[in-house]
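The next block is data13.txt, given as compact mmCIF, C-alpha atoms and all ligand atoms.
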```txt
# COMPACT_ATOMS: atom_id res chain seq x y z
CA MET Q 8 16.62 153.25 99.28
CA ASP Q 9 15.60 156.89 99.37
CA GLY Q 10 12.11 156.32 97.99
CA ARG Q 11 12.92 156.72 94.32
CA MET Q 12 12.42 152.99 93.65
CA SER Q 13 8.94 151.46 94.01
CA ALA Q 14 6.77 148.58 92.80
CA VAL Q 15 3.12 148.62 91.78
CA LEU Q 16 0.59 146.13 90.48
CA GLY Q 17 -0.63 147.08 87.04
CA ASP Q 18 -0.37 147.27 83.29
CA ILE Q 19 2.75 149.07 82.10
CA THR Q 20 0.96 150.43 79.02
CA ARG Q 21 -1.11 152.66 81.36
CA MET Q 22 1.81 154.30 83.13
CA PRO Q 23 2.11 158.08 82.64
CA VAL Q 24 5.89 158.23 82.97
CA ASP Q 25 8.70 159.70 80.86
CA ALA Q 26 9.57 156.21 79.59
CA ILE Q 27 8.27 152.69 79.88
CA VAL Q 28 10.69 149.87 79.18
CA ASN Q 29 9.70 147.19 76.71
CA ALA Q 30 10.91 143.60 77.11
CA ALA Q 31 11.46 143.34 73.36
CA ASN Q 32 13.02 140.68 71.18
CA SER Q 33 16.11 141.34 69.10
CA THR Q 34 14.17 142.20 65.93
CA LEU Q 35 12.32 145.04 67.72
CA LEU Q 36 9.41 144.20 65.44
CA GLY Q 37 6.96 143.26 68.16
CA GLY Q 38 5.97 139.99 69.77
CA GLY Q 39 3.79 138.57 72.51
CA GLY Q 40 3.50 139.42 76.21
CA VAL Q 41 4.35 142.92 77.30
CA ASP Q 42 5.88 143.70 73.88
CA GLY Q 43 2.59 142.97 72.09
CA ALA Q 44 0.63 144.98 74.65
CA ILE Q 45 2.93 148.00 74.23
CA HIS Q 46 2.70 147.91 70.42
CA ARG Q 47 -1.10 147.60 70.54
CA ALA Q 48 -1.43 150.52 72.94
CA ALA Q 49 1.11 152.74 71.15
CA GLY Q 50 -0.33 152.20 67.66
CA PRO Q 51 1.30 151.42 64.30
CA GLU Q 52 3.68 154.39 64.34
CA LEU Q 53 5.73 152.61 67.01
CA LEU Q 54 6.39 149.66 64.72
CA ALA Q 55 7.34 152.06 61.91
CA GLU Q 56 9.96 153.75 64.11
CA CYS Q 57 11.22 150.37 65.36
CA ARG Q 58 11.74 149.13 61.80
CA ALA Q 59 14.29 151.89 61.25
CA LEU Q 60 16.34 150.87 64.31
CA GLY Q 61 17.77 147.70 62.77
CA GLY Q 62 17.19 145.46 65.79
CA CYS Q 63 18.91 145.38 69.16
CA ALA Q 64 21.41 143.00 70.76
CA THR Q 65 20.64 141.14 73.99
CA GLY Q 66 21.50 143.29 77.00
CA GLU Q 67 21.32 146.53 74.98
CA ALA Q 68 18.60 149.21 74.78
CA LYS Q 69 17.21 151.65 72.20
CA MET Q 70 14.64 154.42 72.59
CA THR Q 71 11.61 155.52 70.55
CA ALA Q 72 8.68 157.85 71.06
CA GLY Q 73 5.61 156.57 72.93
CA TYR Q 74 2.96 157.65 70.35
CA ALA Q 75 -0.53 156.85 71.71
CA LEU Q 76 0.83 155.64 75.07
CA PRO Q 77 0.56 157.85 78.14
CA ALA Q 78 4.36 157.43 78.38
CA ARG Q 79 6.40 159.90 76.30
CA HIS Q 80 9.02 157.33 75.29
CA VAL Q 81 9.57 153.59 75.02
CA ILE Q 82 12.97 152.14 75.86
CA HIS Q 83 13.27 148.79 74.10
CA THR Q 84 15.64 146.34 75.75
CA VAL Q 85 16.29 142.71 74.88
CA GLY Q 86 16.50 140.39 77.87
CA PRO Q 87 18.34 137.06 77.78
CA VAL Q 88 16.49 133.82 77.10
CA TRP Q 89 17.07 131.56 80.15
CA ARG Q 90 19.28 128.66 79.09
CA GLY Q 91 20.05 127.18 82.50
CA GLY Q 92 22.05 130.05 83.97
CA GLY Q 93 25.48 129.22 82.55
CA HIS Q 94 25.27 131.46 79.51
CA GLY Q 95 25.78 134.87 81.05
CA GLU Q 96 22.09 135.35 81.73
CA ASP Q 97 22.56 137.25 85.02
CA ALA Q 98 25.02 139.75 83.55
CA LEU Q 99 22.88 140.25 80.45
CA LEU Q 100 19.76 140.91 82.50
CA ALA Q 101 21.62 143.40 84.71
CA SER Q 102 22.87 145.08 81.55
CA CYS Q 103 19.26 145.55 80.33
CA TYR Q 104 18.42 147.53 83.47
CA ARG Q 105 21.67 149.52 83.42
CA LYS Q 106 21.57 150.40 79.71
CA SER Q 107 17.89 151.37 79.92
CA LEU Q 108 18.57 153.72 82.82
CA LEU Q 109 21.64 155.15 81.12
CA LEU Q 110 19.54 155.96 78.07
CA ALA Q 111 16.92 157.62 80.28
CA LYS Q 112 19.60 159.65 82.05
CA THR Q 113 21.21 160.69 78.74
CA HIS Q 114 17.86 162.11 77.65
CA ALA Q 115 17.29 163.79 81.02
CA LEU Q 116 14.20 161.68 81.75
CA LYS Q 117 12.93 161.71 85.33
CA SER Q 118 10.59 158.71 85.57
CA VAL Q 119 10.96 155.19 84.16
CA ALA Q 120 8.76 152.10 84.54
CA PHE Q 121 10.08 148.55 84.05
CA PRO Q 122 8.29 145.24 83.54
CA ALA Q 123 9.89 142.05 84.90
CA ILE Q 124 12.20 141.61 81.90
CA SER Q 125 12.81 138.01 80.70
CA THR Q 126 10.45 136.42 83.25
CA GLY Q 127 7.71 135.55 80.75
CA VAL Q 128 8.34 133.53 77.61
CA TYR Q 129 12.11 133.94 78.12
CA ARG Q 130 11.69 131.84 81.33
CA PHE Q 131 14.23 133.60 83.58
CA PRO Q 132 13.52 132.42 87.18
CA LEU Q 133 11.36 135.13 88.71
CA GLU Q 134 13.02 135.44 92.13
CA GLN Q 135 16.47 135.64 90.61
CA ALA Q 136 15.33 138.19 88.01
CA CYS Q 137 13.70 140.26 90.72
CA GLU Q 138 16.88 140.25 92.82
CA ILE Q 139 18.94 141.39 89.82
CA ALA Q 140 16.42 144.12 88.93
CA VAL Q 141 16.30 145.61 92.43
CA ARG Q 142 20.07 145.39 92.96
CA THR Q 143 20.99 146.87 89.57
CA VAL Q 144 18.48 149.72 89.74
CA GLY Q 145 19.48 150.40 93.36
CA GLU Q 146 23.16 150.60 92.42
CA PHE Q 147 22.40 152.90 89.50
CA LEU Q 148 20.29 155.25 91.62
CA SER Q 149 22.91 155.48 94.34
CA ASP Q 150 25.31 156.97 91.77
CA ASP Q 151 22.75 159.16 90.03
CA ARG Q 152 20.81 162.28 90.97
CA THR Q 153 18.89 162.93 87.75
CA LEU Q 154 16.32 160.12 87.87
CA GLU Q 155 13.50 160.81 90.30
CA LYS Q 156 11.38 157.68 89.99
CA VAL Q 157 11.88 154.08 88.91
CA ILE Q 158 8.77 151.93 89.11
CA PHE Q 159 8.62 148.14 88.76
CA VAL Q 160 5.24 147.39 87.21
CA CYS Q 161 4.14 143.90 88.25
CA PHE Q 162 1.49 142.03 86.34
CA ASP Q 163 0.44 139.81 89.26
CA ALA Q 164 0.37 139.95 93.06
CA GLY Q 165 3.03 137.26 93.51
CA THR Q 166 5.53 139.27 91.48
CA LEU Q 167 4.68 142.44 93.41
CA ALA Q 168 5.27 140.65 96.73
CA LEU Q 169 8.71 139.49 95.55
CA TYR Q 170 9.75 143.02 94.55
CA GLN Q 171 8.50 144.48 97.81
CA GLU Q 172 10.42 141.90 99.82
CA ARG Q 173 13.59 142.59 97.87
CA MET Q 174 13.30 146.34 98.22
CA ALA Q 175 12.61 146.09 101.95
CA GLY Q 176 15.76 144.00 102.34
CA ARG Q 177 18.02 146.61 100.76
CA ARG Q 178 20.21 148.80 102.90
CA PRO Q 179 19.80 152.54 102.27
P1 LIG B 201 10.12 138.16 78.05
O1 LIG B 201 10.09 137.72 76.61
O2 LIG B 201 11.22 139.18 78.30
O3 LIG B 201 10.12 137.03 79.00
P2 LIG B 201 7.23 138.67 78.48
O4 LIG B 201 6.46 139.77 77.86
O5 LIG B 201 6.90 137.27 78.05
O6 LIG B 201 8.78 139.03 78.21
O7 LIG B 201 7.13 138.76 80.04
C1 LIG B 201 7.82 139.66 80.85
C2 LIG B 201 6.99 140.00 82.07
O8 LIG B 201 6.04 141.01 81.73
C3 LIG B 201 6.18 138.84 82.65
O9 LIG B 201 6.37 138.84 84.06
C4 LIG B 201 4.73 139.19 82.30
O10 LIG B 201 3.83 138.72 83.27
C5 LIG B 201 4.79 140.69 82.31
N1 LIG B 201 3.75 141.41 81.54
C6 LIG B 201 3.03 140.98 80.48
N2 LIG B 201 2.20 141.95 80.05
C7 LIG B 201 2.41 143.03 80.86
C8 LIG B 201 1.86 144.35 80.95
N3 LIG B 201 0.91 144.77 80.11
N4 LIG B 201 2.33 145.18 81.93
C9 LIG B 201 3.29 144.78 82.79
N5 LIG B 201 3.85 143.55 82.75
C10 LIG B 201 3.41 142.68 81.81
```
Show me, as structure tokens, the structure contained in the file I just sent.
Amino acid sequence: MDGRMSAVLGDITRMPVDAIVNAANSTLLGGGGVDGAIHRAAGPELLAECRALGGCATGEAKMTAGYALPARHVIHTVGPVWRGGGHGEDALLASCYRKSLLLAKTHALKSVAFPAISTGVYRFPLEQACEIAVRTVGEFLSDDRTLEKVIFVCFDAGTLALYQERMAGRRP
């Protein structure tokens, strides 16, 4: 890649980017994991804006303001629950990354941070999810000149190592 895609170890709620992506559930009314952390850090106004959105389908994305977060916006996307791999999980996960980036591009955002969508309570196999994330973001960036930075924010060192391996393996 040309350096626009990177991975860091950290907490996505601390990222000072144009948008952080939330691994939300279809109600958009908050939950555990990264979703809970984002709502806690953003404050109650985030939930109020989310209530007006009327939920979100799996593989789709919707945007709100970031409120008390250092990020200006939150892009809420709903990853697939892993059900063995035969239920369109790969395509739905790729769609989360694509639709989130499309939304960012539509709003002329320059920097976006992603968590490892679906790899927590939704149980998507981590290596497979990581491969899909890096491939889909890489493909998007190769056709796009508006986004300047896409950061994968990894919550543990093992996840970071997987992303770094995947990114190193990509052809420019
Ligand atoms: P899902 O329901 O999509 O599986 P989870 O929130 O359970 O979402 O987990 C998604 C990923 O986000 C997991 O890899 C988890 O370790 C990670 N995660 C949890 N909290 C944070 C955080 N504050 N910042 C970045 N990643 C996080």
From Q:Arg105, Q:His83, Q:Arg142, Q:Arg152, residue lying nearest ligand LIG 201 (chain B) [all atoms listed in the file]: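 The closest residue to ligand LIG 201 (chain B) is Q:His83.
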For ligand LIG 201 (chain B), the nearest of the candidates Q:Gly91, Q:Gly61, Q:Pro122, Q:Gly50, counting all atoms listed in the file: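 Looking at the shortest contact to ligand LIG 201 (chain B), the residue is Q:Pro122.
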9 Å contact set for Arg79 in chain Q, all atoms listed in the file, chain neighbours under 4 positions out, as a PyMOL selection string: chain Q and resi 23-27+71-75
Nearest to ligand LIG 201 (chain B), chosen from Q:Arg173, Q:His94, Q:Lys112, Q:Arg47, with all atoms listed in the file counted in the distances: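 Between Q:Arg173, Q:His94, Q:Lys112, Q:Arg47, the residue approaching ligand LIG 201 (chain B) most closely is Q:Arg47.
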Ligand LIG 201 (chain B) neighbours within 9 Å using all atoms listed in the file, as a ChimeraX atom specification: /Q:16-21,29-32,38-45,84-89,121-131,133,159-163,166
Computed interatomic separation between CA of Val15 in chain Q and CA of Leu100 in chain Q (Å):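 According to the coordinates, CA of Val15 in chain Q and CA of Leu100 in chain Q are separated by 20.6 Å.
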For Thr153 in chain Q: contacts at 8 Å, all atoms listed in the file, fewer than 4 positions along chain excluded, given as a list in words: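 Close residues of Thr153 in chain Q: Lys112, Ala115, Leu116 and Lys117 of chain Q.
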Gap from CA of Arg177 in chain Q to CA of Ser102 in chain Q - Å, one decimal: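 Answer for the CA of Arg177 in chain Q to CA of Ser102 in chain Q separation: 19.9 Å.
Between CA of Gly176 in chain Q and CA of Tyr104 in chain Q the separation is 19.4 Å.
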Non-local contacts of Ser13 in chain Q (8 Å; only C-alpha atoms; under 5 positions in same chain excluded) as a list in words: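 Answer for this query is Lys156, Val157, Ile158, Phe159, Gln171 and Met174 of chain Q.
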Closest of Q:Gly92, Q:Met22, Q:Thr65, Q:Lys106 to Pro77 in chain Q - atom-to-atom distances counting only C-alpha atoms: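 Looking at the shortest contact to Pro77 in chain Q, the residue is Q:Met22.
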Close residues, Lys69 in chain Q itself excluded, 8 Å, all atoms listed in the file, min 5 positions apart in chain, as an NGL selection string: :Q and (60 or 63 or 82-84 or 107 or 110)
Output range 52-76 of chain Q with N, CA, C and O atoms present, as an mmCIF file, in the frame of the given file.
```cif
data_model
loop_
_atom_site.group_PDB
_atom_site.id
_atom_site.type_symbol
_atom_site.label_atom_id
_atom_site.label_comp_id
_atom_site.auth_asym_id
_atom_site.auth_seq_id
_atom_site.Cartn_x
_atom_site.Cartn_y
_atom_site.Cartn_z
ATOM 1 N N GLU Q 52 2.499 153.532 64.530
ATOM 2 C CA GLU Q 52 3.680 154.390 64.340
ATOM 3 C C GLU Q 52 4.880 153.856 65.119
ATOM 4 O O GLU Q 52 6.029 154.082 64.723
ATOM 5 N N LEU Q 53 4.614 153.165 66.225
ATOM 6 C CA LEU Q 53 5.730 152.610 67.010
ATOM 7 C C LEU Q 53 6.485 151.580 66.182
ATOM 8 O O LEU Q 53 7.716 151.598 66.126
ATOM 9 N N LEU Q 54 5.748 150.697 65.537
ATOM 10 C CA LEU Q 54 6.390 149.660 64.720
ATOM 11 C C LEU Q 54 7.185 150.311 63.576
ATOM 12 O O LEU Q 54 8.306 149.888 63.263
ATOM 13 N N ALA Q 55 6.645 151.358 63.002
ATOM 14 C CA ALA Q 55 7.340 152.060 61.910
ATOM 15 C C ALA Q 55 8.683 152.617 62.402
ATOM 16 O O ALA Q 55 9.708 152.470 61.731
ATOM 17 N N GLU Q 56 8.687 153.226 63.577
ATOM 18 C CA GLU Q 56 9.960 153.750 64.110
ATOM 19 C C GLU Q 56 10.915 152.599 64.450
ATOM 20 O O GLU Q 56 12.121 152.692 64.194
ATOM 21 N N CYS Q 57 10.378 151.516 65.000
ATOM 22 C CA CYS Q 57 11.220 150.370 65.360
ATOM 23 C C CYS Q 57 11.891 149.745 64.136
ATOM 24 O O CYS Q 57 13.036 149.302 64.214
ATOM 25 N N ARG Q 58 11.179 149.708 63.034
ATOM 26 C CA ARG Q 58 11.740 149.130 61.800
ATOM 27 C C ARG Q 58 13.047 149.815 61.402
ATOM 28 O O ARG Q 58 13.955 149.194 60.873
ATOM 29 N N ALA Q 59 13.110 151.105 61.654
ATOM 30 C CA ALA Q 59 14.290 151.890 61.250
ATOM 31 C C ALA Q 59 15.473 151.684 62.195
ATOM 32 O O ALA Q 59 16.581 152.123 61.899
ATOM 33 N N LEU Q 60 15.262 151.012 63.320
ATOM 34 C CA LEU Q 60 16.340 150.870 64.310
ATOM 35 C C LEU Q 60 17.295 149.719 64.009
ATOM 36 O O LEU Q 60 18.382 149.650 64.581
ATOM 37 N N GLY Q 61 16.878 148.804 63.143
ATOM 38 C CA GLY Q 61 17.770 147.700 62.770
ATOM 39 C C GLY Q 61 18.025 146.690 63.877
ATOM 40 O O GLY Q 61 19.109 146.133 63.973
ATOM 41 N N GLY Q 62 17.047 146.471 64.746
ATOM 42 C CA GLY Q 62 17.190 145.460 65.790
ATOM 43 C C GLY Q 62 18.022 145.935 66.964
ATOM 44 O O GLY Q 62 18.474 147.084 66.992
ATOM 45 N N CYS Q 63 18.201 145.032 67.921
ATOM 46 C CA CYS Q 63 18.910 145.380 69.160
ATOM 47 C C CYS Q 63 19.513 144.110 69.734
ATOM 48 O O CYS Q 63 18.859 143.062 69.753
ATOM 49 N N ALA Q 64 20.752 144.188 70.187
ATOM 50 C CA ALA Q 64 21.410 143.000 70.760
ATOM 51 C C ALA Q 64 20.898 142.727 72.174
ATOM 52 O O ALA Q 64 20.419 143.639 72.857
ATOM 53 N N THR Q 65 21.020 141.507 72.620
ATOM 54 C CA THR Q 65 20.640 141.140 73.990
ATOM 55 C C THR Q 65 21.481 141.951 74.981
ATOM 56 O O THR Q 65 22.686 142.104 74.802
ATOM 57 N N GLY Q 66 20.807 142.492 75.986
ATOM 58 C CA GLY Q 66 21.500 143.290 77.000
ATOM 59 C C GLY Q 66 21.652 144.760 76.638
ATOM 60 O O GLY Q 66 22.147 145.551 77.432
ATOM 61 N N GLU Q 67 21.221 145.130 75.428
ATOM 62 C CA GLU Q 67 21.320 146.530 74.980
ATOM 63 C C GLU Q 67 19.931 147.174 75.019
ATOM 64 O O GLU Q 67 18.926 146.493 75.249
ATOM 65 N N ALA Q 68 19.879 148.490 74.753
ATOM 66 C CA ALA Q 68 18.600 149.210 74.780
ATOM 67 C C ALA Q 68 18.584 150.322 73.741
ATOM 68 O O ALA Q 68 19.622 150.924 73.446
ATOM 69 N N LYS Q 69 17.410 150.567 73.169
ATOM 70 C CA LYS Q 69 17.210 151.650 72.200
ATOM 71 C C LYS Q 69 15.893 152.357 72.506
ATOM 72 O O LYS Q 69 14.952 151.714 72.964
ATOM 73 N N MET Q 70 15.823 153.643 72.212
ATOM 74 C CA MET Q 70 14.640 154.420 72.590
ATOM 75 C C MET Q 70 13.831 154.915 71.393
ATOM 76 O O MET Q 70 14.404 155.241 70.356
ATOM 77 N N THR Q 71 12.513 154.930 71.550
ATOM 78 C CA THR Q 71 11.610 155.520 70.550
ATOM 79 C C THR Q 71 10.632 156.446 71.271
ATOM 80 O O THR Q 71 10.613 156.490 72.495
ATOM 81 N N ALA Q 72 9.798 157.082 70.486
ATOM 82 C CA ALA Q 72 8.680 157.850 71.060
ATOM 83 C C ALA Q 72 7.611 156.872 71.580
ATOM 84 O O ALA Q 72 7.636 155.683 71.265
ATOM 85 N N GLY Q 73 6.668 157.409 72.349
ATOM 86 C CA GLY Q 73 5.610 156.570 72.930
ATOM 87 C C GLY Q 73 4.301 156.599 72.146
ATOM 88 O O GLY Q 73 3.391 155.833 72.428
ATOM 89 N N TYR Q 74 4.173 157.536 71.193
ATOM 90 C CA TYR Q 74 2.960 157.650 70.350
ATOM 91 C C TYR Q 74 1.693 157.676 71.186
ATOM 92 O O TYR Q 74 1.577 158.525 72.048
ATOM 93 N N ALA Q 75 0.756 156.756 71.006
ATOM 94 C CA ALA Q 75 -0.530 156.850 71.710
ATOM 95 C C ALA Q 75 -0.465 156.433 73.188
ATOM 96 O O ALA Q 75 -1.462 156.503 73.898
ATOM 97 N N LEU Q 76 0.701 156.019 73.653
ATOM 98 C CA LEU Q 76 0.830 155.640 75.070
ATOM 99 C C LEU Q 76 0.813 156.893 75.952
ATOM 100 O O LEU Q 76 1.228 157.960 75.514
#
```
